[in-house]
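Novice: My questions will all concern the structure given below.
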Amino acid sequence: MKNEKKKKGSVILKILLAVAAVIAVLLIVNRYTVRQVWCNIFSPTLELDESTEWAGGKSFIHLPYAEDSEAQYIDLYVPASEEPVPLFVMIHGGGFAFNDAQSRQAQFMYRYFRDHGFACASVNYRLSTEAAYPAAVCDVKAAVRYLCSVSDEYGIDADRIAVWGESAGGYLSSMCALSAPDAYSDTLCIGETEEKRFEMPAFDALVDYYGCIDFESMRGNFAEEGLIPWISTVANGWANEVLGEYGSLEELWLRKKYADWGDAEKVEASPLKRAMRQENENPALRTLIVHGDADITVSHLQSVELYEALKANGEDVTLKLVPKCKHADDRLFTDELLSEVEAFLWESFE
């Protein structure tokens, strides 16, 4: 019995020594990687109110906006008001393949902003496991057109509209805000026909939370940062269950391996390249970009690149890099930070 305990103790000691050795080597070879991993492992969490009741206004759950799929619905929250309220469209993340309109991050957003005078529309869209690019972009635009077409019915001010997205949702919101009004209009919303489409509004503001902005450059961003390559691969192994023959969630969504992407596809599917080519169809758009600098899922350099491209065009853009925050970090959704987003939105509506 004593010998068995000694053996177990010896094994545990060897494991601890091995871990300590790996950490020591990493510290010597790459302190930056250690810092990023540490921030990801020991990131604190916030308590999320799990209640479904809301006394501040009306909730419209699973409100359909199109009829191609059961995934095409909106969870809409409209605060009580005698006057129409501005619309804040929210796009969840999940690598184009996971999550829905009630993701943790979407809940943080709509719970705050519905209590601060905004009609909050959390949009559900077809995931890449159901429909390939550009289906999700088309769905989001259809949802916005639908909401504007019924704005009077729900007490929404369609002349004041902003869009937020996180991660893959940051990409989708950027694509919608930076593309021409009639682009990505393949999805018909309820009430539309092929001959008659509702007008796509111009957004007053775009709030991009750690979006993947350019599929081409993001492949080399972590190496540029100095992050050991396999760290990000291991950290994002959760996506492997849906990838099949594809090497990344982006390849799955485009249904094409990266080696087969053409130049036209790389440009068309990139909000960054749109900005670099000065293709923003809405020059009055104000943009706020928020990203944690310890993100090992989507490099913060994605946000830096978008900021620099929009800034070079003379557009109104603000970048906020939050120290020691990982991807989808709860600390990016504190009341303190969201109050800054709120102030940005009200300024954009003036």
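Naming works like this for the structure tokens: A, B, ... for the chains as they're shown, residue 1 at the start of each chain, ligands 1 onward in shown order.
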Per DSSP on the backbone, what are the strand (DSSP E) residues of stretch 32-205 of chain A, as a PyMOL selection string?

Specialist: chain A and resi 57-64+73-79+85-91+119-123+156-166+205

Novice: I'd like to know which residues of stretch 129-239 of chain A are alpha helix (DSSP H) (by DSSP, run on the backbone); could you write them as a VMD selection string?

Specialist: chain A and resid 135 to 149 151 to 154 168 to 178 218 to 225 229 to 235

Novice: Would you tabulate, counting only C-alpha atoms, all residues of stretch 161-200 of chain A that have an atom at most 12 Å from an atom of stretch 99-105 of chain A, showing the closest pair of atoms and their distance in Å to one decimal, sorted by chain then ascending number, as CSV?

Specialist:
residue,atom,partner,partner_atom,distance
A:Trp164,CA,A:Gln105,CA,11.0
A:Gly165,CA,A:Gln105,CA,9.4
A:Glu166,CA,A:Gln105,CA,7.8
A:Ser167,CA,A:Gln105,CA,10.2
A:Ala168,CA,A:Asn99,CA,10.6
A:Gly169,CA,A:Asn99,CA,10.6
A:Gly170,CA,A:Gln105,CA,11.9

Novice: Any chance you can output those residues with N, CA, C and O atoms as a PDB file, in the first residue's frame?

Specialist:
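And here's part27.pdb as it stands now:
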ATOM      1  N   TRP A 164     -23.945  45.901 -33.921  1.00  0.00           N
ATOM      2  CA  TRP A 164     -22.830  45.352 -33.137  1.00  0.00           C
ATOM      3  C   TRP A 164     -22.674  43.884 -33.473  1.00  0.00           C
ATOM      4  O   TRP A 164     -23.648  43.169 -33.721  1.00  0.00           O
ATOM      5  N   GLY A 165     -21.428  43.430 -33.470  1.00  0.00           N
ATOM      6  CA  GLY A 165     -21.173  42.009 -33.636  1.00  0.00           C
ATOM      7  C   GLY A 165     -19.883  41.637 -32.946  1.00  0.00           C
ATOM      8  O   GLY A 165     -18.989  42.470 -32.779  1.00  0.00           O
ATOM      9  N   GLU A 166     -19.792  40.362 -32.519  1.00  0.00           N
ATOM     10  CA  GLU A 166     -18.563  39.916 -31.862  1.00  0.00           C
ATOM     11  C   GLU A 166     -18.007  38.687 -32.575  1.00  0.00           C
ATOM     12  O   GLU A 166     -18.760  37.804 -32.997  1.00  0.00           O
ATOM     13  N   SER A 167     -16.682  38.690 -32.762  1.00  0.00           N
ATOM     14  CA  SER A 167     -15.982  37.595 -33.427  1.00  0.00           C
ATOM     15  C   SER A 167     -16.522  37.417 -34.848  1.00  0.00           C
ATOM     16  O   SER A 167     -16.441  38.347 -35.658  1.00  0.00           O
ATOM     17  N   ALA A 168     -17.087  36.244 -35.190  1.00  0.00           N
ATOM     18  CA  ALA A 168     -17.678  36.079 -36.512  1.00  0.00           C
ATOM     19  C   ALA A 168     -18.791  37.099 -36.729  1.00  0.00           C
ATOM     20  O   ALA A 168     -19.013  37.582 -37.843  1.00  0.00           O
ATOM     21  N   GLY A 169     -19.496  37.457 -35.648  1.00  0.00           N
ATOM     22  CA  GLY A 169     -20.526  38.495 -35.736  1.00  0.00           C
ATOM     23  C   GLY A 169     -19.926  39.862 -36.016  1.00  0.00           C
ATOM     24  O   GLY A 169     -20.565  40.713 -36.645  1.00  0.00           O
ATOM     25  N   GLY A 170     -18.698  40.086 -35.554  1.00  0.00           N
ATOM     26  CA  GLY A 170     -17.992  41.325 -35.879  1.00  0.00           C
ATOM     27  C   GLY A 170     -17.708  41.398 -37.366  1.00  0.00           C
ATOM     28  O   GLY A 170     -17.803  42.468 -37.983  1.00  0.00           O
TER      29      GLY A 170
END

Novice: What is the distance, in Å and to one decimal place, between atom CA of A:Ser339 and atom CA of A:Leu301?

Specialist: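 So the answer is 24.6 Å.
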
Novice: Give me, as an MDAnalysis selection string, all polymer residues having an atom no more than 9 Å from stretch 255-265 of chain A, counting only C-alpha atoms and skipping those fewer than 6 positions away in the same chain.

Specialist: chainID A and resid 128 132:133 216 245:248

Novice: Tell me, as a ChimeraX atom specification, which residues lie within 12 Å of A:Leu285, counting only C-alpha atoms; anything in the same chain fewer than 3 positions away does not count.

Specialist: /A:160-163,174,176-179,201-207,280-282,288,310,314-318,345,347-349

Novice: Could you check which of A:Ser122, A:Thr297, A:Thr52, A:Gln107 is closest to A:Ile231, using only C-alpha atoms?

Specialist: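 Looking only at the distances to A:Ile231, the closest residue turns out to be A:Thr297.
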
Novice: Which residue is closest to A:His300? Choose from A:Asn221, A:Ser59, A:Gln72, A:Ser149 and count only C-alpha atoms.

Specialist: A:Asn221

Novice: Calculated over only C-alpha atoms, which of the candidates A:Leu172, A:Ala294, A:Met90, A:Ala55 has the smallest distance to A:Phe222?

Specialist: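 The closest residue to A:Phe222 is A:Ala294.
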
Novice: Pick the closest to A:Cys39 from A:Ala183, A:Val290, A:Cys325, A:Ile61: which is it, counting only C-alpha atoms?

Specialist: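 Looking only at the distances to A:Cys39, the closest residue turns out to be A:Cys325.
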
Novice: Using only C-alpha atoms, which residue out of A:Arg219, A:Arg31, A:His92, A:Lys273 lies closest to A:Ala136?

Specialist: A:His92

Novice: Sorted by chain and rising residue number, which residues of stretch 11-89 of chain A lie within 12 Å of stretch 233-237 of chain A, and what are their closest atom pairs and distances in Å to one decimal, counting only C-alpha atoms, as CSV?

Specialist:
residue,atom,partner,partner_atom,distance
A:Gln36,CA,A:Ala235,CA,11.2
A:Val37,CA,A:Ala235,CA,9.2
A:Asn40,CA,A:Ala235,CA,9.4
A:Ile41,CA,A:Ala235,CA,10.3

Novice: Can those selected residues be exported to a file as a PDB file, in the first residue's frame so that it contains C-alpha atoms?

Specialist:
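Result written to result_11.pdb:
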ATOM      1  CA  GLN A  36      -1.108  35.393 -23.472  1.00  0.00           C
ATOM      2  CA  VAL A  37      -1.740  31.890 -22.157  1.00  0.00           C
ATOM      3  CA  ASN A  40      -6.544  33.242 -21.066  1.00  0.00           C
ATOM      4  CA  ILE A  41      -6.392  30.656 -18.296  1.00  0.00           C
TER       5      ILE A  41
END

Novice: Quick one: of A:Val137, A:Val242, A:Val298, A:Leu127, who's nearest to A:Glu70, counting only C-alpha atoms?

Specialist: A:Leu127

Novice: Please, which residues in stretch 190-239 of chain A fall within 10 Å of stretch 138-143 of chain A when counting only C-alpha atoms, and what is the closest atom pair and distance in Å to one decimal for each, ordered by chain then residue number, as JSON lines?

Specialist:
{"residue": "A:Ile190", "atom": "CA", "partner": "A:Ala142", "partner_atom": "CA", "distance": 8.6}
{"residue": "A:Glu192", "atom": "CA", "partner": "A:Ala142", "partner_atom": "CA", "distance": 9.5}
{"residue": "A:Arg197", "atom": "CA", "partner": "A:Ala142", "partner_atom": "CA", "distance": 9.7}
{"residue": "A:Phe198", "atom": "CA", "partner": "A:Ala142", "partner_atom": "CA", "distance": 9.0}
{"residue": "A:Met200", "atom": "CA", "partner": "A:Lys141", "partner_atom": "CA", "distance": 7.4}
{"residue": "A:Pro201", "atom": "CA", "partner": "A:Lys141", "partner_atom": "CA", "distance": 9.5}

Novice: Report the distance between atom CA of A:Ala223 and atom CA of A:Ser299 in Å, rounded to one decimal place.

Specialist: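 Calculated distance between atom CA of A:Ala223 and atom CA of A:Ser299 is 9.9 Å.
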
Novice: One decimal, in Å: what's the spacing between atom CA of A:Met276 and atom CA of A:Phe215?

Specialist: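 For atom CA of A:Met276 relative to atom CA of A:Phe215, the distance reads 14.5 Å.
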
Novice: Fewer than 5 positions away in the same chain doesn't count, so skip those; otherwise give me all residues within 8 Å of A:His291, counting only C-alpha atoms, as an MDAnalysis selection string.

Specialist: chainID A and resid 209:210 300 303 320:322 325 327

Novice: Keeping only all heavy atoms, write the selected residues to a file as a PDB file, in the first residue's frame.

Specialist:
ATOM      1  N   TYR A 209     -16.688  44.074 -32.125  1.00  0.00           N
ATOM      2  CA  TYR A 209     -15.992  43.451 -31.005  1.00  0.00           C
ATOM      3  C   TYR A 209     -15.154  42.277 -31.528  1.00  0.00           C
ATOM      4  O   TYR A 209     -15.696  41.267 -31.965  1.00  0.00           O
ATOM      5  CB  TYR A 209     -17.009  42.928 -29.976  1.00  0.00           C
ATOM      6  CG  TYR A 209     -17.240  43.827 -28.781  1.00  0.00           C
ATOM      7  CD1 TYR A 209     -17.437  45.191 -28.925  1.00  0.00           C
ATOM      8  CD2 TYR A 209     -17.302  43.304 -27.490  1.00  0.00           C
ATOM      9  CE1 TYR A 209     -17.677  46.004 -27.824  1.00  0.00           C
ATOM     10  CE2 TYR A 209     -17.536  44.102 -26.377  1.00  0.00           C
ATOM     11  CZ  TYR A 209     -17.721  45.459 -26.555  1.00  0.00           C
ATOM     12  OH  TYR A 209     -17.955  46.257 -25.456  1.00  0.00           O
ATOM     13  N   TYR A 210     -13.852  42.437 -31.513  1.00  0.00           N
ATOM     14  CA  TYR A 210     -12.854  41.420 -31.865  1.00  0.00           C
ATOM     15  C   TYR A 210     -13.252  40.584 -33.082  1.00  0.00           C
ATOM     16  O   TYR A 210     -13.174  39.357 -33.082  1.00  0.00           O
ATOM     17  CB  TYR A 210     -12.533  40.518 -30.662  1.00  0.00           C
ATOM     18  CG  TYR A 210     -13.718  40.012 -29.854  1.00  0.00           C
ATOM     19  CD1 TYR A 210     -14.378  38.827 -30.185  1.00  0.00           C
ATOM     20  CD2 TYR A 210     -14.171  40.712 -28.737  1.00  0.00           C
ATOM     21  CE1 TYR A 210     -15.449  38.365 -29.457  1.00  0.00           C
ATOM     22  CE2 TYR A 210     -15.246  40.253 -27.985  1.00  0.00           C
ATOM     23  CZ  TYR A 210     -15.881  39.072 -28.367  1.00  0.00           C
ATOM     24  OH  TYR A 210     -16.947  38.615 -27.626  1.00  0.00           O
ATOM     25  N   HIS A 300      -5.574  40.549 -32.104  1.00  0.00           N
ATOM     26  CA  HIS A 300      -5.976  41.956 -32.030  1.00  0.00           C
ATOM     27  C   HIS A 300      -5.441  42.755 -33.216  1.00  0.00           C
ATOM     28  O   HIS A 300      -5.919  43.866 -33.498  1.00  0.00           O
ATOM     29  CB  HIS A 300      -5.494  42.578 -30.707  1.00  0.00           C
ATOM     30  CG  HIS A 300      -4.024  42.800 -30.631  1.00  0.00           C
ATOM     31  ND1 HIS A 300      -3.137  41.827 -30.246  1.00  0.00           N
ATOM     32  CD2 HIS A 300      -3.272  43.901 -30.902  1.00  0.00           C
ATOM     33  CE1 HIS A 300      -1.906  42.305 -30.268  1.00  0.00           C
ATOM     34  NE2 HIS A 300      -1.961  43.558 -30.670  1.00  0.00           N
ATOM     35  N   SER A 303      -8.063  43.924 -35.674  1.00  0.00           N
ATOM     36  CA  SER A 303      -8.729  45.191 -35.361  1.00  0.00           C
ATOM     37  C   SER A 303      -7.831  46.377 -35.663  1.00  0.00           C
ATOM     38  O   SER A 303      -8.296  47.428 -36.121  1.00  0.00           O
ATOM     39  CB  SER A 303      -9.154  45.210 -33.886  1.00  0.00           C
ATOM     40  OG  SER A 303     -10.235  44.322 -33.681  1.00  0.00           O
ATOM     41  N   LYS A 320     -10.266  50.600 -29.350  1.00  0.00           N
ATOM     42  CA  LYS A 320     -10.025  50.429 -27.918  1.00  0.00           C
ATOM     43  C   LYS A 320      -9.463  49.029 -27.685  1.00  0.00           C
ATOM     44  O   LYS A 320     -10.188  48.030 -27.798  1.00  0.00           O
ATOM     45  CB  LYS A 320     -11.311  50.614 -27.110  1.00  0.00           C
ATOM     46  CG  LYS A 320     -11.088  50.555 -25.593  1.00  0.00           C
ATOM     47  CD  LYS A 320     -12.389  50.812 -24.845  1.00  0.00           C
ATOM     48  CE  LYS A 320     -12.168  50.806 -23.337  1.00  0.00           C
ATOM     49  NZ  LYS A 320     -11.312  51.916 -22.885  1.00  0.00           N
ATOM     50  N   LEU A 321      -8.164  48.940 -27.396  1.00  0.00           N
ATOM     51  CA  LEU A 321      -7.532  47.677 -27.050  1.00  0.00           C
ATOM     52  C   LEU A 321      -7.550  47.540 -25.534  1.00  0.00           C
ATOM     53  O   LEU A 321      -7.061  48.414 -24.822  1.00  0.00           O
ATOM     54  CB  LEU A 321      -6.092  47.626 -27.565  1.00  0.00           C
ATOM     55  CG  LEU A 321      -5.916  47.578 -29.091  1.00  0.00           C
ATOM     56  CD1 LEU A 321      -4.438  47.558 -29.449  1.00  0.00           C
ATOM     57  CD2 LEU A 321      -6.632  46.374 -29.689  1.00  0.00           C
ATOM     58  N   VAL A 322      -8.129  46.451 -25.051  1.00  0.00           N
ATOM     59  CA  VAL A 322      -8.300  46.256 -23.614  1.00  0.00           C
ATOM     60  C   VAL A 322      -7.222  45.291 -23.114  1.00  0.00           C
ATOM     61  O   VAL A 322      -7.170  44.136 -23.549  1.00  0.00           O
ATOM     62  CB  VAL A 322      -9.699  45.714 -23.287  1.00  0.00           C
ATOM     63  CG1 VAL A 322      -9.913  45.673 -21.778  1.00  0.00           C
ATOM     64  CG2 VAL A 322     -10.773  46.583 -23.955  1.00  0.00           C
ATOM     65  N   CYS A 325      -7.168  40.980 -21.846  1.00  0.00           N
ATOM     66  CA  CYS A 325      -8.468  40.350 -22.100  1.00  0.00           C
ATOM     67  C   CYS A 325      -8.371  39.347 -23.238  1.00  0.00           C
ATOM     68  O   CYS A 325      -7.790  39.629 -24.286  1.00  0.00           O
ATOM     69  CB  CYS A 325      -9.525  41.407 -22.433  1.00  0.00           C
ATOM     70  SG  CYS A 325     -10.158  42.264 -20.978  1.00  0.00           S
ATOM     71  N   HIS A 327     -10.291  36.330 -25.896  1.00  0.00           N
ATOM     72  CA  HIS A 327     -11.401  36.338 -26.833  1.00  0.00           C
ATOM     73  C   HIS A 327     -12.718  36.179 -26.070  1.00  0.00           C
ATOM     74  O   HIS A 327     -12.843  35.314 -25.194  1.00  0.00           O
ATOM     75  CB  HIS A 327     -11.240  35.180 -27.824  1.00  0.00           C
ATOM     76  CG  HIS A 327     -12.106  35.275 -29.024  1.00  0.00           C
ATOM     77  ND1 HIS A 327     -11.876  36.169 -30.039  1.00  0.00           N
ATOM     78  CD2 HIS A 327     -13.215  34.578 -29.397  1.00  0.00           C
ATOM     79  CE1 HIS A 327     -12.785  36.025 -30.981  1.00  0.00           C
ATOM     80  NE2 HIS A 327     -13.627  35.075 -30.608  1.00  0.00           N
TER      81      HIS A 327
END
